[in-house]
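Here the structure comes first, spelled out in structure tokens, and everything after it is commentary.
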Amino acid sequence: MSSAIRFILNTEELSLGDFGPTETLLDYLRLKRRLTGTKEGCAEGDCGACTVLVGRLSERGLIYESVNACIRLLGSLHGTHIVTVEHLAAKDGILHPVQQAMVDCHGSQCGFCTPGFVMSLYGLWLSNEQPSRQDIESALQGNLCRCTGYEPIVKAAEQVAESRPSALFDPLERDRTEIMGKLFSMQSATDTIVVEKDGARSIVPASVEAFAEVFSQNPDATVVAGATDVGLWVTKQLRLLDPVIFINHLSELKSITIEDGGVSIGAGVSYADAQGVMDAVVPAIGRLIDRIGGSQVRNMGTIGGNIANGSPIGDTPPPLIALGAELTLRSHSGRRTMPLENYFIAYGKQDRQPGEFVEKIVVPRPAEDSHFAVYKISKRRDEDISALCGAFYLMLDAEGLVEEIRIAFGGMAAIPKRATHVEDMLIGQPWSWGVVSAVRDAFDADFQPLTDWRATAEYRSLTAKNLLTRFFLETAGAPSELHRFELEEA
Amino acid sequence: MMDNTSFPMKPVIDGPMHVSLKHDSAHKHVTGQAEYIDDIPEPAGTLHGGLGLADRAHAQIVSIDLEAVKAAPGVVWVMTADDIPGANDVGSTGRHDEPLLATDLVQFHGQPIFAVFAETRDQARRAALLAKIEYSDLPHWSDIAGARDNGAPFVTEPMTLKRGEPEAEIGKPPLRVQASMEIGGQEHFYLESHIAFAIPGEDDDVIVWSSTQHPSEVQHMVAHVLGVPNHAIEVRTRRMGGGFGGKETQGNQFAALAAVAAKKLNRAVKFRPDRDEDMSMTGKRHDFRVDYDIAFDEDGRIHAVDATYAARCGFSADLSGPVTDRALFHADSSYFYPHVHLTSQPLKTHTVSNTAFRGFGGPQGMLGAERMIEEIAYAVGKDPLEVRKLNFYGQPGSGRTTTPYHQQVEDCVIARIVDELEQSSDYQARRQAILEFNEQSPVIRKGIALTPVKFGISFTLTAYNQAGALVHVYNDGSIHLNHGGTEMGQGLYTKVAQVVADAFQVDIDRVKITATTTGKVPNTSATAASSGSDLNGMAAYDACRQIKERLVDFACRQWKVEKSEVEFLPNRIRIGGDTVPFDTFVKAAYYDRVQLSAAGFYKTPKIHWDRAAGKGHPFYYFAYGACVSEVSIDTLTGEYMMDRTDILHDVGKSLNPAIDIGQIEGAFVQGMGWLTTEELWWDAKGRLRTHAPSTYKIPLASDRPKIFNVQLAEWSENAEPTVGRSKAVGEPPFMLAISVLEAISMAVASVADYAACPRLDAPATPERVLMAVERMKALG
């Protein structure tokens, strides 16, 4: 067993064995390393001022992803390369092209959000040579700027792509081979790492097997993959967590495979990793993922975590339930599989035993002639939490009667929940405006939503009904949803 | 004589006035090297503050038990109101209505009760949670309706503006509308939260680094709380990570807490609230309710307006007086009201005391006016733009130039701006296309609106319209620039440096821009009211003028020439037939014992204001602009998209077009956020539940208009002799966003075939839009 994690910070190879399980990367950078270019804006992963890149080895080689340092816990950094804004400019002070474009386009005003924007733009620059406006806006969904109105920042992103020189200075391109080698050697250790400070433990299991075992021994442990939820327990509620088991590095949980029947998504698959596959298999879910958090959250957060935490406003359960997804739970003593909808029992209560963890979700491929849609309704279109999220799966028989329909909503009840009354009224009926408009009010039997700061109960109820109308119109070939960019532009 | 053999003869300097120059810190911003207060290296032993906040909206404090706080790891000191050496008061108005720490009475959820100082910030925050406080609840109200229902007092004296015979005219035919509009508040959401960092010195001295727009007020407040003379306190501000008005008065408390602890413990103390604390315990834009009664004719021409502007002020006065005043000053927008009666109601609520925010009441007043135009337009069946044009202020001599506060509008360019924008944006054709689209589209509807801006420039408190600057020319020809204005991203430092470079005709890289400090320029005004460049630019110019005069005198003496033969050319001085490099010339002046330093001063001319009479000339001039926005809405969900925005804005003769365009774009998007997705939501306990970016939604890149065209009115020059004939730019463009709300409103109105005014209140969240659609459907 090892007692230190290893990672690379900019150019420095480090071994860290003296940190608590709730210490954040941002505090480490700012307080311990005095790398103060990375800023704290909100400490909850919503403003992007703390954006850094984290490089990791994946099936696609060494990839760099933007993440929020404020809610990234140190224990999740084993075997990674952390890149901060200080790493970009050349030693002689010459700016990186991304930085120069921000200067040229007047992309900074107060400057506090700027390092975070630079890092998000840098992440985009590394991964996409010719980003569209949509790609740029998507890459910037997790960065708030209160001064510029964003126009000059978007222009900077376009300028740097247009003027992309062939032989340019870039520290990550320069060091890529060397970094890969170092990360590979860090990751090839087969020991479980346990870092202890003041009695509190960070556990980094070497394998899923080891994870199952250590979790069975510590059933009260907090399991952290992306920390996009747990991070806030730490920064906002000041919760002391001990021990914490970090699983985001476990490649076995990161597999996403297209099978005959559908897609198998490992619990450690991030939203970003899932997006491409879902785009191909269930495009509606791919588009939904674009509206979950910002890039930083999508790079860290996992679909497994979104399900495991049992939130009534998680965005992935409604569409996955509507598609009839199955969940596999695993523990030291074995596995069991259940329909995803059965996992959610009541608010804060899931069908998960101590020591059990989500291993994978299998999402069936929608039948050839089926209709499927998912609609997220939020105050702000991007990087917001749903007021409600509705998913609709419909299969008509040869006569045009409803053979199969599953409607699932988030934000309408204490758990992600199906609209069974509405479904029952539709089964066997013609899929016609007359029928659909007659069953709308049955939503009131299925859901009695709450009023909160995201929406009133009245709005939630009315909009749920209207989303059924929207779904009907779409199946009738009359799309009614607003899209900032035409779908074919995507 | 001097050696003037060879040096580069540049035709123009780098960085004069009226050119686009990058922000002076741009390079440091993008590399992360720009230093904010939390980035300053901490002296050994620096302590960190945490706060104990009330979790009641209105209550008597029965008991406070802080033993567990004191015993918590790392805690060095726990401070209550009893520990304050001077006054327990950080109110900016002199009313003593804003305690630094609550003693026996809690007046809003999140009010500070005690502070804890510990070795680390984390320890301070954790310790603060351990207090046991007993309360005895009192009745509370959080909003304007609650305040009215409970007969709430005013936090400050209301104001009335009156002209003509409104009582007689308001009821006269042919047409009259009486209705009201609710307008939500707004969180500043500066990306850098409040922060103060106090370093104790000898005697009574403390140096406080504060993220503030108003270093002098922080200085005076810290002295007041410590019970020491102002001279003991030095406040420094190099840059803020955004301000927007939120750091005009709200930084006082953090600075005072840090300074008290620093003196008590003789250690450096940093105070940085968490974002949630910052949002819960600092003031915001005022919510308003406007009750209006308007009389007009069938053409849509306004005869009389009677309106009341009620504001949610929070528990204390803070800046609510001038904010509600400014709402009334802008209740006319760009329109002439022949008969008018306007009153403000600054209502006390059990919420955090609301404060300055870009526009300072002006946006709420102006939004009310644009709603009235909408009402008239729907009542007479015209495009609101036609009604606007009909009611614009006229040119001098038209008999339509008097404001409700009896100032004459003498520089009105709104008609020209609106006409040009109407043409350049192809407004008429696009509106026609939208009307046709809406007839064919059952679910998605579009709207377009063109709205004007006229914004009065000057602090309405006349005394604030003064500024100082300190300019040193060192004997190597380098220049040190200091002034009372603060840099919060708006590019003020850059603009003032351009003024200085231009005055001396030297390249701008000779000019060192230094942190604002109360030790160099005293008794400054807040960098607010869009006045930063107007005031500080002129003060710096005045300092340069003094030094230049001495230099000219020196040249005349030394070269035996007349003044007319001395000319400041780019990086050189022409003296008679000689040309001397600037630095050589300066060194010679130094050896001749010429004073190369000057304190500059400026006070705005012409302005005066009699608040009791409601008459005067409160504004030096007006800034103008106009905006067309086009949107699409989904009538099933209330969701919307910003399709296109075109802006034509008047900044006079721009000091720096790039910076001004940045201000316009940023202000527009911020204003759009105010009117769309930014919603403050208090629960039944009076607790703000939208206290972080996870719950409070400011615009993202993907919210800005998909097509976004911004132009300056390049022909414009300020009619008044402002610095470089420029105009203020910080606040006026914020109100360009009113076009967005009205465009959404038009899309909603289409549901009932434009037969009724949708009365869409702000913020127009998807929910409010959908509910407005439902109201329209019920009519149809």
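Scheme for the structure tokens: letters A, B, ... for chains in order shown; per-chain residue numbers from 1; ligand numbers from 1 in order shown.
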Would you list the contacts of range 267-282 of chain A as a compact mmCIF listing (two decimals) with N, CA and C atoms, in the first residue's frame, taking every protein, DNA or RNA residue within 9 Å and counting only C-alpha atoms, but skipping same-chain residues closer than 4 positions in sequence?
# COMPACT_ATOMS: atom_id res chain seq x y z
N ALA A 225 -16.48 10.39 -7.36
CA ALA A 225 -15.98 10.25 -8.73
C ALA A 225 -15.65 11.65 -9.24
N GLY A 226 -16.66 12.40 -9.66
CA GLY A 226 -16.40 13.74 -10.19
C GLY A 226 -16.38 14.83 -9.15
N ILE A 247 -12.63 7.30 -6.95
CA ILE A 247 -12.75 6.25 -7.98
C ILE A 247 -12.66 6.77 -9.41
N ASN A 248 -12.43 8.08 -9.56
CA ASN A 248 -12.51 8.62 -10.93
C ASN A 248 -11.42 8.09 -11.84
N HIS A 249 -10.34 7.57 -11.27
CA HIS A 249 -9.23 7.09 -12.10
C HIS A 249 -9.43 5.65 -12.55
N LEU A 250 -10.46 4.98 -12.05
CA LEU A 250 -10.59 3.53 -12.33
C LEU A 250 -11.07 3.31 -13.76
N SER A 251 -10.16 2.87 -14.60
CA SER A 251 -10.50 2.77 -16.02
C SER A 251 -11.58 1.73 -16.26
N GLU A 252 -11.65 0.73 -15.38
CA GLU A 252 -12.69 -0.30 -15.59
C GLU A 252 -14.10 0.31 -15.49
N LEU A 253 -14.23 1.36 -14.70
CA LEU A 253 -15.55 1.98 -14.57
C LEU A 253 -15.80 3.01 -15.66
N LYS A 254 -14.80 3.24 -16.49
CA LYS A 254 -14.90 4.29 -17.50
C LYS A 254 -15.27 3.75 -18.87
N SER A 255 -15.60 2.47 -18.93
CA SER A 255 -15.84 1.95 -20.27
C SER A 255 -17.26 2.28 -20.72
N ILE A 256 -17.34 2.69 -21.94
CA ILE A 256 -18.65 2.94 -22.54
C ILE A 256 -18.66 2.19 -23.86
N THR A 257 -19.60 1.28 -23.99
CA THR A 257 -19.58 0.42 -25.17
C THR A 257 -20.96 0.37 -25.81
N ILE A 258 -20.92 0.36 -27.11
CA ILE A 258 -22.18 0.21 -27.84
C ILE A 258 -22.37 -1.28 -28.09
N GLY A 262 -27.95 -1.76 -26.98
CA GLY A 262 -27.90 -0.37 -26.54
C GLY A 262 -26.51 0.04 -26.11
N VAL A 263 -26.45 0.86 -25.11
CA VAL A 263 -25.16 1.40 -24.67
C VAL A 263 -24.95 1.01 -23.22
N GLY A 286 -27.57 13.17 -26.11
CA GLY A 286 -26.35 13.93 -26.40
C GLY A 286 -26.60 15.42 -26.27
N ARG A 287 -27.72 15.88 -26.80
CA ARG A 287 -28.03 17.32 -26.71
C ARG A 287 -28.34 17.72 -25.27
N LEU A 288 -28.98 16.82 -24.54
CA LEU A 288 -29.27 17.13 -23.14
C LEU A 288 -27.96 17.30 -22.36
N ILE A 289 -26.99 16.44 -22.64
CA ILE A 289 -25.73 16.52 -21.91
C ILE A 289 -25.08 17.87 -22.11
N ASP A 290 -25.25 18.45 -23.28
CA ASP A 290 -24.68 19.77 -23.53
C ASP A 290 -25.28 20.82 -22.60
N ILE A 292 -26.00 20.18 -19.37
CA ILE A 292 -25.72 19.84 -17.97
C ILE A 292 -24.42 20.53 -17.57
N SER A 295 -18.57 22.88 -19.34
CA SER A 295 -17.58 21.88 -19.75
C SER A 295 -16.85 21.29 -18.55
N VAL A 297 -17.80 20.88 -15.52
CA VAL A 297 -18.62 19.92 -14.78
C VAL A 297 -18.81 18.65 -15.62
N ARG A 298 -18.99 18.83 -16.90
CA ARG A 298 -19.19 17.64 -17.74
C ARG A 298 -17.91 16.80 -17.83
N ASN A 299 -16.77 17.45 -17.68
CA ASN A 299 -15.53 16.70 -17.69
C ASN A 299 -15.31 15.94 -16.39
N MET A 300 -15.87 16.45 -15.31
CA MET A 300 -15.67 15.81 -14.01
C MET A 300 -16.83 14.90 -13.63
N GLY A 301 -18.05 15.42 -13.78
CA GLY A 301 -19.23 14.71 -13.29
C GLY A 301 -19.49 13.45 -14.11
N THR A 302 -20.09 12.47 -13.44
CA THR A 302 -20.36 11.20 -14.09
C THR A 302 -21.85 10.92 -14.10
N ILE A 303 -22.28 10.17 -15.08
CA ILE A 303 -23.68 9.76 -15.13
C ILE A 303 -23.97 8.84 -13.95
N GLY A 304 -22.99 8.01 -13.60
CA GLY A 304 -23.16 7.14 -12.44
C GLY A 304 -23.42 7.94 -11.17
N GLY A 305 -22.68 9.01 -11.01
CA GLY A 305 -22.86 9.86 -9.83
C GLY A 305 -24.19 10.57 -9.85
N ALA A 308 -26.46 7.86 -8.74
CA ALA A 308 -26.21 7.31 -7.40
C ALA A 308 -26.67 8.26 -6.31
N PHE A 357 -22.22 -0.21 -4.78
CA PHE A 357 -22.01 0.99 -5.60
C PHE A 357 -22.55 0.76 -7.01
N VAL A 358 -22.84 1.85 -7.67
CA VAL A 358 -23.30 1.76 -9.05
C VAL A 358 -22.12 1.34 -9.92
N GLU A 359 -22.31 0.29 -10.69
CA GLU A 359 -21.22 -0.15 -11.56
C GLU A 359 -21.44 0.29 -13.01
N LYS A 360 -22.65 0.12 -13.47
CA LYS A 360 -22.92 0.55 -14.85
C LYS A 360 -24.41 0.73 -15.10
N ILE A 361 -24.70 1.41 -16.16
CA ILE A 361 -26.07 1.59 -16.61
C ILE A 361 -26.13 1.09 -18.04
N ARG A 365 -31.17 0.74 -26.85
CA ARG A 365 -31.31 1.58 -28.05
C ARG A 365 -32.79 1.71 -28.38
N PRO A 366 -33.26 2.93 -28.61
CA PRO A 366 -34.69 3.08 -28.92
C PRO A 366 -35.05 2.28 -30.17
N PHE A 372 -38.58 9.46 -29.41
CA PHE A 372 -38.01 9.73 -28.09
C PHE A 372 -37.60 11.19 -28.03
- prompt: Taking the backbone alone, and naming residues the way the document does, which bits of range 241-469 of chain A are alpha helix (DSSP H) by DSSP, as a PyMOL selection string?
  reply: chain A and resi 271-281+283-289+295-300+303-308+317-322+340-343+420-426+433-439+443-446+457-469
- request: Please provide the set of residues having any atom within 6 Å of Val511 in chain B, restricted to only C-alpha atoms, with same-chain residues fewer than 2 positions apart removed, written as a ChimeraX atom specification.
  value: /B:479-480,508-509
Please save C-alpha atoms of the selected residues as a compact mmCIF listing (two decimals), in the first residue's frame.
# COMPACT_ATOMS: atom_id res chain seq x y z
CA ILE B 479 5.49 59.84 -15.00
CA HIS B 480 3.66 58.63 -11.94
CA ILE B 508 1.74 56.03 -22.71
CA ASP B 509 4.30 53.50 -21.49
message: Distance limit 7 Å, atoms considered: only C-alpha atoms. Which chain A residues sit that close to chain B? Return them as a ChimeraX atom specification.
response: /A:36-38,41-42,46-47,85-86,89,99,103,106,108-115,118,137,140-141,144,146-150,238,379-380,384,453,455,459,463,466,480-482,484
Might you pull out every residue within 7 Å of Ile313 in chain A, with only C-alpha atoms counted and same-chain residues fewer than 2 positions away left off, and present them as a compact mmCIF listing (two decimals) with N, CA and C atoms, in the first residue's frame?
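Generated file (result-v1.txt):
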# COMPACT_ATOMS: atom_id res chain seq x y z
N SER A 311 -30.71 12.41 -6.57
CA SER A 311 -31.35 13.73 -6.58
C SER A 311 -32.64 13.72 -7.40
N ASP A 315 -30.44 15.32 -14.12
CA ASP A 315 -30.98 15.41 -15.47
C ASP A 315 -30.96 14.10 -16.24
N SER A 386 -32.37 21.95 -13.61
CA SER A 386 -33.73 21.90 -14.16
C SER A 386 -34.77 22.40 -13.17
N GLY A 410 -38.19 14.69 -14.00
CA GLY A 410 -37.45 15.16 -12.83
C GLY A 410 -38.00 16.51 -12.44
N GLY A 411 -37.82 16.86 -11.19
CA GLY A 411 -38.25 18.18 -10.72
C GLY A 411 -39.73 18.26 -10.41
- prompt: Leaving out range 344-353 of chain B and any residue of its chain fewer than 4 positions from it, which residues lie within 8 Å of it when counting only C-alpha atoms, given as a ChimeraX atom specification?
  reply: /B:57-58,107-111,140-144,147,152-160,280-284,308-318,320-321,324-325,328,686
field: Residue among B:Arg445, B:Pro338, B:Asp287, B:Arg572 lying closest to Val631 in chain B, counting only C-alpha atoms
entry: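 Closest candidate: B:Arg445.
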message: Restricting the calculation to only C-alpha atoms: of A:Pro171, A:Pro449, A:Gly116, A:Gly310, which residue gets closest to Leu462 in chain A?
response: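 Of the candidates, the smallest distance to Leu462 in chain A is held by A:Pro449.
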message: as a ChimeraX atom specification, please: the residues near range 561-563 of chain B (cut-off 10 Å, only C-alpha atoms, same-chain neighbours under 5 positions excluded).
response: /B:549,552-556,575-577
- request: Tell me which protein, DNA and RNA residues are within 9 Å of range 75-83 of chain B, counting only C-alpha atoms, leaving out same-chain ones fewer than 5 positions away, and put them as JSON, numbers by chain.
  value: {"B": [47, 66, 69, 70, 88, 99, 100, 101, 102, 103, 113, 114, 115, 116, 117, 118, 119, 120, 123, 124, 127, 257, 260, 261, 265]}
